[in-house]
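What follows is one structure encoded as C-alpha cells, with my remarks underneath.
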Amino acid sequence: MKSFLKSFFALGLLAGVSVSAAELNVYSHRHYDSDAILFKQFTKETGIKINVVKASADQLIQRLISEGKNSPADVLLTVDAGRLHRAKAAGVLQPVKSRALAKNVPAPMRDPEGHWFGMTVRSRVIVYAKDRVKPSDLSTYEALAKPEWKGRVVARSSSNIYNQSLLASIIAANGKDKALAWAKAVRKNMARSPRGSDRDQARAVAAGLADVAIMNTYYLGILANSAVAADREVAAKVGVFFPNQDGRGAHINVSGGGVTASAKNKKEAIRFLEFLTSAKSQEAFGNVNHEYPVIIKNNKSELLKSWGSFKADDVNLSVLGAKNAEAVKLFDLAGWE
Amino acid sequence: MKLLSIQNISKQYTANDAPAVNGVSFECERGEIVALIGGSGSGKTTLLRIIAGLETPDTGEVVLDEKPLNSPSVFVPPEKRDCGLVFQDYALFPNKTVQQNITFGKGAADDPKQVKRLIELAGIGGLEQRFPHEISGGQQQRVALVRALATRPTLLLLDEPLSHLDPELRDSVRTELLKLFRETDTTVLFVSHDIEDAMAMADRMVVMREGAAEQIGTPGEVYDRPVSQHVARLFGKTNFIPAGLLPNTPHSIPSENGTGRVVPVRPHQWRVSDRSPAFSGTVQSVTNRGSHREVTLATEHLALTIHLTEQIVINTGDALTVSCALPD
Amino acid sequence: MAAYLINIAQHRLRHLKQEIRFKLNAWTISALILGLILFLPMAEVLWHLTSPAENWEHLRDTVLGRYLKGSVILVLGTAVLSVLLGVSTAWLVACCEFPGRKIFEWALILPLAIPTYIAAYAYFDLLDQLTPVLIWVRLNISPEAMTLLSDTMVYPVTIVVLAAVLYPYVYLVARAAFARQSSQCIEAARTLGHGPQSTFWRVALPLARPAIVGGVALVIMETLNDYGAVEHFNVPTFTTGIFRTWLSMGDLQGALRLAACLMALILFLLVLEKWLRFGARFHKSSQADRPFQRYTLGQAKAGLAILCCLLPLVIGFVLPLSRLAYWASFNAGKVLDASFLKLTLNSIGVATAAGLATVVLALFLAYTARYFGSRTVGATNRLAILGYAVPGAVIAMGILLIAGQVTRTTGWVLTGSLAVLVLAYVIRFLAVAWQPIDSGMERNCAQLNNAARSLGANAARSLFQINVPLLRNALVAAGLFVFVDTMKELPLTLILRPFDFETLSTRTFDLAKQAQIPESSVPALCIILVSLLPVIWLNRQMRTPEK
C-alpha cells in the first residue's frame with residue numbers, strides 16, 4: 001500500500017513536471033480560424049502544447065499587470081500596434097533577441113527594443129460603391145473631410161482601435177489641431193452615427209446608405225469568401241482604394257505579439273513567435289484570414305493581389321501607440337462616438 | 001434567594017420611540033405560577049422574550065437559580081438557559097412527528113419514562129407518530145407544552161397559552177394546566193392579556209402598562225386593592241367614586257384626571273340599600289346578563305354601573321338607591 | 001432634529017456594543033468576515049468615486065453627459081415598455097377569461113430564458129431590415145433626414161429588444177399581485193359597482209404598485225448591466241463608456257470612476273425603490289385564496305386580449321427562438337464537435353459549482369443573521385448582496401484589482417483559477433439565492449428557530465434539522481436561479497476565465513463578435529434550452545399559493 005502511494009505520488013510529480021515542460025500559455029486577443037490552425041500546426045511540429053485565453057487585449061494586459069511576475073502567461077498576442085505599445089509601457093513584455101525574428105519582421109513592424117514583433121499587416125482603406133463613386137473622386141483620408149462628402153461616409157465607432165490608430169497616424173502626420181478638425185468634419189459627413197463592425201460599413205455602402213466607408217482590408221476578404229451569398233454580393237459591389245498614395249501612403253497596422261515579462265517558457269515563446277512569422281505561417285494568415293504578411297511584398301494571396309500593390313505609411317508603428325490615448329480624446333472632442 | 005430575579009430591565013426597539021420595557025423588577029419563588037398581565041403594547045411579551053434570551057435588554061439583570069443570565073457583562077444565549085418557552089402559535093416543527101418534536105429538546109430523549117408520563121398527563125397519548133398539521137389546535141398546544149416540559153426546565157415560560165382556545169375549552173384547559181404544573185412541580189411565568197386566566201391560574205401577577213410593572217401582587221391583592229384606575233379596569237367595568245363621597249374606605253387611588261383620589265367600586269359590590277353613604281338616582285337602562293342584571297344609574301354627579309343579583313322589579317326610569325359593600 | 005439624530009446614534013451605538021459583547025461567536029464572526037470579503041470588490045470600485053484619474057476632466061467634459069443621456073433614455077424606455085407589456089398581460093391573464101388564457105399564463109414568462117445579448121443577436125439585423133426605408137428617405141427626402149432617422153432609430157430598437165425579454169420580471173410580480181393580494185379587494189370593488197376599467201385603475205393597480213416597483217427595479221438593473229446588446233446596437237451607456245475608457249483609452253482609473261458613478265446611481269435607485277415601496281407594503285389578507293371570478297370577455301375583446309398577449313410573446317420569445325433555431329439547423333454540423341461538448345460541460349460545471357457555492361454561502365449568511373438576531377451580520381449581508389446590482393464587468397474590475405494586491409503581497413496568482421471565477425459568480429449572484437432563502441427563513445423558520453433555541457438546540461442542529469428540511473424548495477429554487485444566471489453570464493466569464501476555458505456564453509459572444517451570428521445561434525440555443533427548465537419550474541412555484 002505504502003509503495004503504491006509512493007509510486008502514485010511520483011507519477012503525479014512527473015506528470016506535473018512534464019506538463020510544465022511542454023506547454024506554452026498564450027493570452028490572445030485574436031479570434032481567427034487561421035490562428036487555431038497555426039497553433040495546431042505548431043504543436044504538431046514541436047510537441048509543445050498551447051493553452052490559450054482569448055479575451056480583449058486590454059483586459060489581458062490588465063490581467064498581466066495584476067498577476068505580475070507570477071503570471072502563468074508566456075506570450076501575449078494582439079492586434080494593433082497601439083495595444084502592443086501599451087503592453088510594453090505597462091511593463092508586461094520583455095525584450096527578446098532573435099536573429100530569425102529580426103529577419104522575418106522588418107524594422108518598422110517591430111519594437112526597436114524587441115518587446116514586440118508584428119505578425120501580420122492590415123491596411124485601413126477607403127471602400128467605395130463601384131456604381132456611384134469613381135476611384136478618381138478619391139484621393140486621401142484628408143479629402144473625406146470635404147463638404148462634397150456630406151452624408152456619404154460611414155465608419156465604425158471610435159471605440160474601435162483601428163480607427164484610433166488611423167487618427168493617431170493623422171496626428172503624427174498633420175498635428176493635433178488638424179487631426180481634430182478632420183475628425184469633426186468626417187463625423188459631420190457621416191450618413192449615420194458610427195455603429196456596427198467594419199463589415200457592416202461595407203454592407204451599408206453596398207446597400208446604398210452611403211457611398212464610401214473607412215475599413216480594414218481583411219474584412220473585405222472575409223466577405224468575399226463568405227459562405228453567405230449576400231456577403232459575396234456586398235464584396236462584389238464595392239472597390240478598394242488605397243489613399244494617400246501620392247503622399248505618406250495608406251495607413252497600415254500590425255497584429256503581433258511579444259514574450260511576457262513573466263514568461264516561464266521563454267525559449268518556447270520565442271520559438272512560437274519565430275514560427276508565426278515564418279514564411280509558411282505568413283502564407284496561411286494571408287490565405288485564411290486575408291491579412292498581408294508582415295513583409296507586404298511577399299504576399300501570396302490572389303485576392304489581396306487583386307486589390308493591387310500600394311504604398312504604405314512608413315511611420316514607425318510605436319508612434320501610433322504613443323499617440324493612441326490622444327486620438328481617443330480627440331474623437332471624444334469631435335463627437336465621433 | 002428567589003428562583004428568578006428580574007432587576008430594572010429596560011428595552012427600547014427604536015430610538016425616539018417609547019421603550020417597550022422600562023425599568024421592570026420582580027421576583028419569582030420556586031414552584032410559583034406568575035402571570036404577566038397587560039394589554040397589547042404593554043411590554044409583557046418583550047419581557048418574556050428577554051427572560052428566554054431571545055431579546056437582549058438595554059439595561060438590567062436577570063438571575064435564574066443564582067445564575068446570572070443577563071447583566072451588563074453577561075448574556076447567556078437562549079439555548080444555554082434553563083428556560084422552556086411555549087410560543088403563542090406553538091411553533092411545532094412541521095417536518096417532525098409529535099414524538100420527534102417532544103424529544104427534540106436537550107436531554108428530552110434521556111428519560112423515555114418521563115416523556116411517556118408527560119404525554120399521558122397531557123392526554124396526547126396515541127398521537128406520537130402524527131405530524132403537527134394532522135392534529136387539532138388544542139392537541140398542538142399540549143404537544144408544545146410537553147415538548148417544553150420534557151427538557152425539565154427550571155422555569156417554564158408561556159406566551160398567551162390560552163389565547164387560541166375556544167371559551168368553552170379554556171376553563172378545562174386552565175385546570176389541566178394547573179394540575180400538570182403542580183404535578184411536575186414547575187415554576188411558571190406566563191403572559192396573558194386575559195385577567196381571568198391570571199386570576200384562575202396565577203399565584204401572583206405582574207400588571208404591565210406602557211413597559212412598566214404597575215402592580216405586583218396576588219390576584220386577590222390586585223383585585224381588591226388595584227393601585228390605579230387602569231389596573232382596576234382590567235377586571236371589567238369599574239365605578240370610580242370620589243373618595244370624598246365614601247369616607248372611611250380602606251383603599252383609595254389617585255384619580256386619572258388628577259383631581260384628588262377615587263375609590264374603585266366593582267359593579268357587583270353595590271347593594272340595593274340606603275345604608276350611608278348611599279347613592280340615589282334614576283335607572284337609565286337595564287340589561288339582563290343571565291346571572292345578574294346590569295343597571296346604569298344616573299345620580300346627581302355620577303353614572304354608576306351596578307350588577308344586581310336581587311330578584312326585584314326594576315325598569316328604566318325608576319328611582320333607585322344603592323350603597324356599596326366593600327371588603328375591609 | 002439634532003436630539004432626534006443623537007438618539008438614533010446612541011441607540012445604534014448601544015446595539016453595536018451589545019453585539020460586540022454578546023453576539024460574537026464562530027458563526028457571526030465568520031459571517032461578518034465572509035460578508036465583507038464578498039463586498040470587497042464593490043468597495044474597491046466605490047473607493048474610486050473621487051480618486052484622481054488623469055482623464056476624468058476630459059471624460060466629464062466630453063462624454064459623461066452622453067453616457068448619462070444614453071443610459072437614462074434606455075432605462076426609462078425599457079422600464080416604461082416593460083410595465084406596459086408586463087402589467088397589461090398580467091391583468092388579462094390574472095383577471096380576465098379568454099381563449100388561450102391558461103397557455104399565456106405560463107408562456108408569457110418564457111422570454112426570461114433569453115439573455116439580453118442573445119436577444120440582440122437574434123435581432124442583429126433588425127436595423128438592417130429598415131435599410132430600404134432609409135434608402136428611400138435618402139433618395140426622396142434628404143440625406144440629412146436619413147441620418148436623423150437612422151440615429152434616432154437606435155434607441156427604440158434597443159429598447160424594444162431589451163423590454164421584449166425583460167418584461168416578464170414585471171409580469172410575474174404583477175400577476176401574483178393581481179391574483180393574490182388584490183383578489184378580495186377587486187371582488188369588493190365589483191360588488192360596489194365598479195366596472196373592470198375603473199377597478200383596474202382605482203383598486204388593482206394601486207394595490208399592485210409596490211410589487212410592480214420591485215419588478216421594474218429588476219428590469220432597470222438588468223438594463224444597466226447589459227453589455228452585449230448595447231454594444232451591438234452601439235448605444236452610448238455607462239457600461240459601454242466603462243469599457244471604452246478602460247479598453248480604448250487604457251485608463252483603468254477613469255473607468256473605475258465611471259463604474260463608481262454607475263454604482264452610486266444604482267444605489268440611489270435602490271434607496272428610491274425602497275422609499276417608493278415604503279408605506280405602501282400592503283399585507284396579504286389572511287384569508288385563504290379562493291378561486292377568483294374572472295371577467296369574461298366578449299368576442300371582440302377576447303380577440304384583442306389574445307393579440308395583446310401574443311405580441312410580447314412573439315417578439316420576446318417565438319421570433320428570436322425560431323430565428324436562432326433556423327440558423328442553428330444549418331450551422332449545427334459546423335459548430336457541433338467534440339469541443340462543443342466540452343464547453344457545454346464547462347458551462348454546466350461552473351454553473352453547478354456556482355449554484356451550490358452560492359446557495360451554501362447564502363444559507364449560512366442569512367441563517368447566521370437571523371438565528372443570532374445580529375443586525376451587524378444583517379448589514380454585512382446586505383452589503384454582500386449588492387453584487388447583483390452591479391454590472392458583471394465592474395465586479396470583474398474590482399476582483400482584478402484585489403487579486404493584483406493579493407499577488408503583490410503574497411505572490412499568489414488568483415486570476416485565471418476556476419475558484420476565483422466561481423467566487424466571482426457567487427459575488428455577482430449572491431442576492432439571487434439570498435433573497436428567497438432569507439424571506440423563506442423569515443416566513444417559515446423564525447419562530448421555529450426560537451423554539452429550537454429555547455429547547456437547547458445549538459445553531460448547527462437548528463440549521464440542519466429545522467431550516468434545511470423546511471427550506472428545501474427555496475434552496476433548490478435559489479440554486480437553479482444561480483445556475484441559470486451563471487449559464488447566461490458573459491462579462492465576468494470573459495475577463496476572469498482560466499486558460500482554454502470556454503463556455504456556451506463566451507463561445508456565443510466570440511462567434512457573434514466575429515460577425516458569425518448565425519453560427520453563434522447553436523451555443524445560444526443551448527443556453528436558452530437549459531434556462532427554460534428552471535424558468536418553467538419557477539413559474540409553477542409562483543402560481544401555487546404559499547401554504
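How things are named: the first chain in the C-alpha cells is A, the next is B, and so on; residues count from 1 in each chain; ligands count from 1 in the order shown.
Residues within 10 Å of Ile102 of chain B, counting only C-alpha atoms and excluding same-chain residues fewer than 4 positions away, are Leu92, Phe93, Lys96, Thr97, Val98, Ala108, Ala109, Val115, Leu118, Ile119, Glu128, Val143, Ala144, Leu145, Val146, Arg147, Ala148, Leu149, Ala150 and Thr151 of chain B; Leu455 of chain C.
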Assign secondary structure with DSSP using the backbone only, and return the residues of segment 159-328 of chain B in strand (DSSP E or B) as a short mmCIF file (atom, residue, chain, number, x, y, z; two decimals) with C-alpha atoms, in the first residue's frame.
data_model
loop_
_atom_site.label_atom_id
_atom_site.label_comp_id
_atom_site.auth_asym_id
_atom_site.auth_seq_id
_atom_site.Cartn_x
_atom_site.Cartn_y
_atom_site.Cartn_z
CA ASP B 159 -46.77 33.15 25.81
CA THR B 187 -42.16 27.19 38.16
CA VAL B 188 -44.17 29.04 35.56
CA LEU B 189 -44.16 32.56 34.22
CA PHE B 190 -46.89 33.19 31.69
CA VAL B 191 -48.04 36.11 29.65
CA SER B 192 -51.70 36.85 29.16
CA ARG B 204 -49.01 36.13 41.77
CA MET B 205 -49.40 38.57 38.96
CA VAL B 206 -47.41 41.42 37.50
CA VAL B 207 -49.58 44.03 35.81
CA MET B 208 -47.70 45.72 32.96
CA ARG B 209 -48.54 49.07 31.48
CA ALA B 212 -43.54 49.30 33.39
CA ALA B 213 -44.72 46.97 36.15
CA GLU B 214 -47.66 48.83 37.51
CA GLN B 215 -48.62 46.44 40.25
CA ILE B 216 -47.27 43.19 41.61
CA GLY B 217 -49.26 41.00 43.98
CA ASN B 239 -67.04 52.68 39.16
CA PHE B 240 -64.64 55.29 40.47
CA ILE B 241 -66.26 57.19 43.28
CA PRO B 242 -64.57 60.37 44.53
CA ILE B 253 -56.29 55.53 44.47
CA PRO B 254 -55.24 58.72 42.71
CA ARG B 261 -58.45 60.37 44.96
CA VAL B 262 -61.11 57.91 43.97
CA VAL B 263 -62.38 54.61 45.35
CA PRO B 264 -62.84 51.73 42.91
CA VAL B 265 -66.16 50.01 43.33
CA TRP B 270 -73.43 47.52 45.06
CA ARG B 271 -76.42 46.54 47.11
CA VAL B 272 -79.92 47.95 46.95
CA ALA B 278 -75.92 55.83 49.77
CA PHE B 279 -76.34 56.95 46.14
CA SER B 280 -79.74 57.74 44.65
CA GLY B 281 -80.65 58.29 41.05
CA THR B 282 -82.71 57.26 38.02
CA VAL B 283 -82.26 53.95 36.23
CA GLN B 284 -81.03 54.64 32.66
CA SER B 285 -81.02 51.10 31.35
CA VAL B 286 -81.43 47.52 32.47
CA THR B 287 -79.72 44.67 30.62
CA ASN B 288 -80.22 41.07 31.51
CA ARG B 293 -78.84 42.35 35.62
CA GLU B 294 -76.65 45.27 34.65
CA VAL B 295 -78.18 48.56 35.65
CA THR B 296 -76.89 52.00 34.80
CA LEU B 297 -77.89 54.54 37.34
CA ALA B 298 -77.58 58.30 36.91
CA THR B 299 -77.09 60.10 40.20
CA ALA B 303 -73.12 57.40 36.25
CA LEU B 304 -72.94 54.10 38.13
CA THR B 305 -72.80 50.60 36.70
CA ILE B 306 -74.45 48.11 39.03
CA HIS B 307 -74.78 44.33 38.82
CA LEU B 308 -77.93 43.33 40.61
CA ALA B 319 -85.66 55.68 41.10
CA LEU B 320 -83.10 53.53 42.91
CA THR B 321 -80.87 53.93 45.93
CA VAL B 322 -77.77 51.82 46.37
CA SER B 323 -74.82 51.64 48.73
CA CYS B 324 -71.58 49.74 48.38
#
Using only C-alpha atoms, find each residue of chain A with at least one atom at most 9 Å away from an atom of chain C; report its shortest atom-to-atom pair and that distance in Å (one decimal), sort the rows by chain and rising residue number, and return the result as JSON lines.
{"residue": "A:Asn25", "atom": "CA", "partner": "C:Phe499", "partner_atom": "CA", "distance": 7.6}
{"residue": "A:Val26", "atom": "CA", "partner": "C:Phe499", "partner_atom": "CA", "distance": 8.2}
{"residue": "A:Tyr27", "atom": "CA", "partner": "C:Phe499", "partner_atom": "CA", "distance": 8.2}
{"residue": "A:His31", "atom": "CA", "partner": "C:Asp510", "partner_atom": "CA", "distance": 7.4}
{"residue": "A:Tyr32", "atom": "CA", "partner": "C:Gln514", "partner_atom": "CA", "distance": 8.1}
{"residue": "A:Asn51", "atom": "CA", "partner": "C:Asp500", "partner_atom": "CA", "distance": 5.7}
{"residue": "A:Val52", "atom": "CA", "partner": "C:Asp500", "partner_atom": "CA", "distance": 4.9}
{"residue": "A:Val53", "atom": "CA", "partner": "C:Phe499", "partner_atom": "CA", "distance": 4.6}
{"residue": "A:Lys54", "atom": "CA", "partner": "C:Asp500", "partner_atom": "CA", "distance": 7.7}
{"residue": "A:Ala55", "atom": "CA", "partner": "C:Leu494", "partner_atom": "CA", "distance": 6.2}
{"residue": "A:Ser56", "atom": "CA", "partner": "C:Leu247", "partner_atom": "CA", "distance": 8.0}
{"residue": "A:Ala57", "atom": "CA", "partner": "C:Leu247", "partner_atom": "CA", "distance": 7.9}
{"residue": "A:Asp58", "atom": "CA", "partner": "C:Leu247", "partner_atom": "CA", "distance": 5.1}
{"residue": "A:Gln59", "atom": "CA", "partner": "C:Ile495", "partner_atom": "CA", "distance": 6.4}
{"residue": "A:Leu60", "atom": "CA", "partner": "C:Ile495", "partner_atom": "CA", "distance": 7.8}
{"residue": "A:Gln62", "atom": "CA", "partner": "C:Leu400", "partner_atom": "CA", "distance": 7.9}
{"residue": "A:Arg63", "atom": "CA", "partner": "C:Leu400", "partner_atom": "CA", "distance": 6.9}
{"residue": "A:Ile65", "atom": "CA", "partner": "C:Gly404", "partner_atom": "CA", "distance": 7.5}
{"residue": "A:Ser66", "atom": "CA", "partner": "C:Gly404", "partner_atom": "CA", "distance": 3.9}
{"residue": "A:Glu67", "atom": "CA", "partner": "C:Val413", "partner_atom": "CA", "distance": 5.8}
{"residue": "A:Gly68", "atom": "CA", "partner": "C:Thr407", "partner_atom": "CA", "distance": 7.2}
{"residue": "A:Lys69", "atom": "CA", "partner": "C:Gly411", "partner_atom": "CA", "distance": 8.5}
{"residue": "A:Asn70", "atom": "CA", "partner": "C:Val413", "partner_atom": "CA", "distance": 6.2}
{"residue": "A:Ser71", "atom": "CA", "partner": "C:Val413", "partner_atom": "CA", "distance": 6.8}
{"residue": "A:Pro72", "atom": "CA", "partner": "C:Val413", "partner_atom": "CA", "distance": 8.5}
{"residue": "A:Arg83", "atom": "CA", "partner": "C:Gly250", "partner_atom": "CA", "distance": 8.9}
{"residue": "A:Arg86", "atom": "CA", "partner": "C:Gly250", "partner_atom": "CA", "distance": 7.8}
{"residue": "A:Lys150", "atom": "CA", "partner": "C:Pro143", "partner_atom": "CA", "distance": 8.4}
{"residue": "A:Gly151", "atom": "CA", "partner": "C:Pro143", "partner_atom": "CA", "distance": 5.7}
{"residue": "A:Arg152", "atom": "CA", "partner": "C:Pro143", "partner_atom": "CA", "distance": 8.2}
{"residue": "A:Ser157", "atom": "CA", "partner": "C:Asn234", "partner_atom": "CA", "distance": 7.8}
{"residue": "A:Ser158", "atom": "CA", "partner": "C:Ser248", "partner_atom": "CA", "distance": 8.6}
{"residue": "A:Ser159", "atom": "CA", "partner": "C:Arg244", "partner_atom": "CA", "distance": 5.8}
{"residue": "A:Asn160", "atom": "CA", "partner": "C:Ser248", "partner_atom": "CA", "distance": 7.3}
{"residue": "A:Ile161", "atom": "CA", "partner": "C:Ser248", "partner_atom": "CA", "distance": 6.7}
{"residue": "A:Gln164", "atom": "CA", "partner": "C:Ser248", "partner_atom": "CA", "distance": 8.3}
{"residue": "A:Met190", "atom": "CA", "partner": "C:Thr147", "partner_atom": "CA", "distance": 7.9}
{"residue": "A:Ala191", "atom": "CA", "partner": "C:Thr147", "partner_atom": "CA", "distance": 5.4}
{"residue": "A:Arg192", "atom": "CA", "partner": "C:Thr147", "partner_atom": "CA", "distance": 4.8}
{"residue": "A:Ser193", "atom": "CA", "partner": "C:Asp151", "partner_atom": "CA", "distance": 5.8}
{"residue": "A:Pro194", "atom": "CA", "partner": "C:Asn234", "partner_atom": "CA", "distance": 7.7}
{"residue": "A:Arg195", "atom": "CA", "partner": "C:Asn234", "partner_atom": "CA", "distance": 5.4}
{"residue": "A:Gly196", "atom": "CA", "partner": "C:His232", "partner_atom": "CA", "distance": 6.8}
{"residue": "A:Ser197", "atom": "CA", "partner": "C:Ala515", "partner_atom": "CA", "distance": 7.9}
{"residue": "A:Arg199", "atom": "CA", "partner": "C:Ala515", "partner_atom": "CA", "distance": 8.2}
{"residue": "A:Ala204", "atom": "CA", "partner": "C:Thr131", "partner_atom": "CA", "distance": 8.3}
{"residue": "A:Ala207", "atom": "CA", "partner": "C:Thr131", "partner_atom": "CA", "distance": 7.6}
{"residue": "A:Gly208", "atom": "CA", "partner": "C:Ile135", "partner_atom": "CA", "distance": 6.5}
{"residue": "A:Leu209", "atom": "CA", "partner": "C:Ile135", "partner_atom": "CA", "distance": 5.8}
{"residue": "A:Asn324", "atom": "CA", "partner": "C:Met249", "partner_atom": "CA", "distance": 7.5}
{"residue": "A:Ala325", "atom": "CA", "partner": "C:Met249", "partner_atom": "CA", "distance": 5.2}
{"residue": "A:Glu326", "atom": "CA", "partner": "C:Met249", "partner_atom": "CA", "distance": 8.4}
{"residue": "A:Ala327", "atom": "CA", "partner": "C:Met249", "partner_atom": "CA", "distance": 8.9}
{"residue": "A:Val328", "atom": "CA", "partner": "C:Met249", "partner_atom": "CA", "distance": 6.3}
{"residue": "A:Lys329", "atom": "CA", "partner": "C:His58", "partner_atom": "CA", "distance": 7.4}
{"residue": "A:Asp332", "atom": "CA", "partner": "C:Thr62", "partner_atom": "CA", "distance": 5.9}
{"residue": "A:Leu333", "atom": "CA", "partner": "C:Thr62", "partner_atom": "CA", "distance": 6.0}
{"residue": "A:Ala334", "atom": "CA", "partner": "C:Thr62", "partner_atom": "CA", "distance": 9.0}
{"residue": "A:Gly335", "atom": "CA", "partner": "C:Thr62", "partner_atom": "CA", "distance": 7.9}
{"residue": "A:Glu337", "atom": "CA", "partner": "C:Pro236", "partner_atom": "CA", "distance": 7.7}
Please identify all residues of chain C having at least one atom at most 6 Å from any atom of chain B, considering only C-alpha atoms, and return them as number ranges by chain. C: 7-8, 11, 22, 448, 453-457
I'd like to know which residues of segment 54-226 of chain A are alpha helix (DSSP H) (by DSSP, run on the backbone); could you write them as JSON, numbers by chain? {"A": [57, 58, 59, 60, 61, 62, 63, 64, 65, 66, 67, 81, 82, 83, 84, 85, 86, 87, 88, 89, 99, 100, 101, 102, 103, 104, 161, 162, 163, 164, 165, 166, 167, 168, 169, 170, 171, 172, 173, 174, 176, 177, 178, 179, 180, 181, 182, 183, 184, 185, 186, 187, 188, 189, 198, 199, 200, 201, 202, 203, 204, 205, 206, 207, 217, 218, 219, 220, 221, 222, 223, 224]}
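When only C-alpha atoms are used to compute distances to Arg257 of chain C, the closest of the residues C:Phe509, C:Tyr4, C:Phe238, C:Phe340 turns out to be C:Phe238.
We find atom CA of Ala389 of chain C and atom CA of Ile242 of chain C to be spaced 15.9 Å apart.
Using only C-alpha atoms for every distance, the candidate list A:Ile214, A:Val205, A:Val259, A:Val125 yields A:Val125 as the residue closest to Ala312 of chain A.
Atom CA of Leu223 of chain A is positioned 27.2 Å from atom CA of Thr116 of chain C.
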Do you know which residues are at most 10 Å from Pro491 of chain C counting only C-alpha atoms, after dropping those on the same chain fewer than 6 positions away, and could you put them as a VMD selection string? chain C and resid 225 to 228 391 to 396 497 505 to 506 509
Would you mind exporting the chosen residues as a compact mmCIF listing (two decimals), in the first residue's frame, restricted to all heavy atoms?
# COMPACT_ATOMS: atom_id res chain seq x y z
N ASN C 225 -26.99 46.59 -16.56
CA ASN C 225 -25.97 45.54 -16.60
C ASN C 225 -25.61 45.14 -18.01
O ASN C 225 -24.54 44.61 -18.25
CB ASN C 225 -26.51 44.28 -15.90
CG ASN C 225 -26.22 44.32 -14.44
OD1 ASN C 225 -25.37 45.08 -13.99
ND2 ASN C 225 -26.93 43.52 -13.70
N ASP C 226 -26.57 45.33 -18.92
CA ASP C 226 -26.38 44.76 -20.24
C ASP C 226 -25.16 45.36 -20.93
O ASP C 226 -24.95 46.57 -20.92
CB ASP C 226 -27.61 45.03 -21.11
CG ASP C 226 -27.35 44.64 -22.54
OD1 ASP C 226 -27.36 43.44 -22.81
OD2 ASP C 226 -27.07 45.54 -23.35
N TYR C 227 -24.36 44.49 -21.52
CA TYR C 227 -23.24 44.98 -22.30
C TYR C 227 -23.38 44.53 -23.76
O TYR C 227 -23.20 45.32 -24.67
CB TYR C 227 -21.92 44.47 -21.72
CG TYR C 227 -20.73 44.85 -22.55
CD1 TYR C 227 -20.46 46.19 -22.82
CD2 TYR C 227 -19.91 43.89 -23.10
CE1 TYR C 227 -19.39 46.55 -23.61
CE2 TYR C 227 -18.84 44.24 -23.89
CZ TYR C 227 -18.58 45.57 -24.15
OH TYR C 227 -17.52 45.92 -24.94
N GLY C 228 -23.75 43.26 -23.94
CA GLY C 228 -23.82 42.70 -25.29
C GLY C 228 -24.76 43.46 -26.22
O GLY C 228 -24.39 43.83 -27.33
N PRO C 391 -22.96 45.84 -12.53
CA PRO C 391 -22.65 45.11 -13.76
C PRO C 391 -21.48 44.15 -13.55
O PRO C 391 -20.53 44.45 -12.82
CB PRO C 391 -22.26 46.22 -14.73
CG PRO C 391 -22.95 47.43 -14.24
CD PRO C 391 -23.00 47.29 -12.75
N GLY C 392 -21.57 43.00 -14.20
CA GLY C 392 -20.54 41.98 -14.05
C GLY C 392 -19.15 42.50 -14.35
O GLY C 392 -18.19 42.17 -13.65
N ALA C 393 -19.05 43.35 -15.37
CA ALA C 393 -17.72 43.86 -15.75
C ALA C 393 -17.12 44.68 -14.62
O ALA C 393 -15.91 44.65 -14.40
CB ALA C 393 -17.84 44.71 -17.00
N VAL C 394 -17.97 45.40 -13.90
CA VAL C 394 -17.46 46.23 -12.79
C VAL C 394 -16.95 45.34 -11.66
O VAL C 394 -15.88 45.58 -11.09
CB VAL C 394 -18.58 47.17 -12.29
CG1 VAL C 394 -18.12 47.93 -11.06
CG2 VAL C 394 -18.99 48.13 -13.40
N ILE C 395 -17.69 44.28 -11.37
CA ILE C 395 -17.22 43.33 -10.35
C ILE C 395 -15.90 42.72 -10.78
O ILE C 395 -14.97 42.59 -9.98
CB ILE C 395 -18.27 42.24 -10.12
CG1 ILE C 395 -19.51 42.85 -9.48
CG2 ILE C 395 -17.71 41.13 -9.23
CD1 ILE C 395 -20.60 41.86 -9.25
N ALA C 396 -15.82 42.38 -12.07
CA ALA C 396 -14.58 41.78 -12.56
C ALA C 396 -13.41 42.74 -12.35
O ALA C 396 -12.31 42.33 -11.96
CB ALA C 396 -14.72 41.43 -14.03
N ARG C 497 -11.88 34.13 -16.83
CA ARG C 497 -11.81 32.68 -17.05
C ARG C 497 -10.36 32.19 -17.16
O ARG C 497 -9.48 32.93 -17.59
CB ARG C 497 -12.59 32.30 -18.29
CG ARG C 497 -12.00 32.89 -19.54
CD ARG C 497 -12.92 32.67 -20.70
NE ARG C 497 -12.66 33.64 -21.73
CZ ARG C 497 -12.88 33.39 -23.02
NH1 ARG C 497 -13.34 32.23 -23.39
NH2 ARG C 497 -12.64 34.31 -23.92
N SER C 505 -21.62 30.68 -23.22
CA SER C 505 -21.83 32.13 -23.39
C SER C 505 -20.61 32.78 -24.03
O SER C 505 -20.76 33.65 -24.89
CB SER C 505 -22.19 32.79 -22.06
OG SER C 505 -21.13 32.68 -21.16
N THR C 506 -19.40 32.39 -23.64
CA THR C 506 -18.24 33.03 -24.28
C THR C 506 -18.14 32.62 -25.74
O THR C 506 -17.76 33.41 -26.59
CB THR C 506 -16.91 32.67 -23.56
OG1 THR C 506 -16.68 31.27 -23.67
CG2 THR C 506 -16.94 33.08 -22.11
N PHE C 509 -20.55 34.71 -27.65
CA PHE C 509 -20.03 36.07 -27.80
C PHE C 509 -18.91 36.10 -28.84
O PHE C 509 -18.88 36.98 -29.69
CB PHE C 509 -19.54 36.57 -26.44
CG PHE C 509 -19.00 37.97 -26.47
CD1 PHE C 509 -19.87 39.05 -26.54
CD2 PHE C 509 -17.64 38.20 -26.45
CE1 PHE C 509 -19.38 40.34 -26.57
CE2 PHE C 509 -17.15 39.50 -26.49
CZ PHE C 509 -18.02 40.56 -26.55
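In this model, the gap between atom CA of Tyr171 of chain C and atom CA of Leu471 of chain C comes to 25.5 Å.
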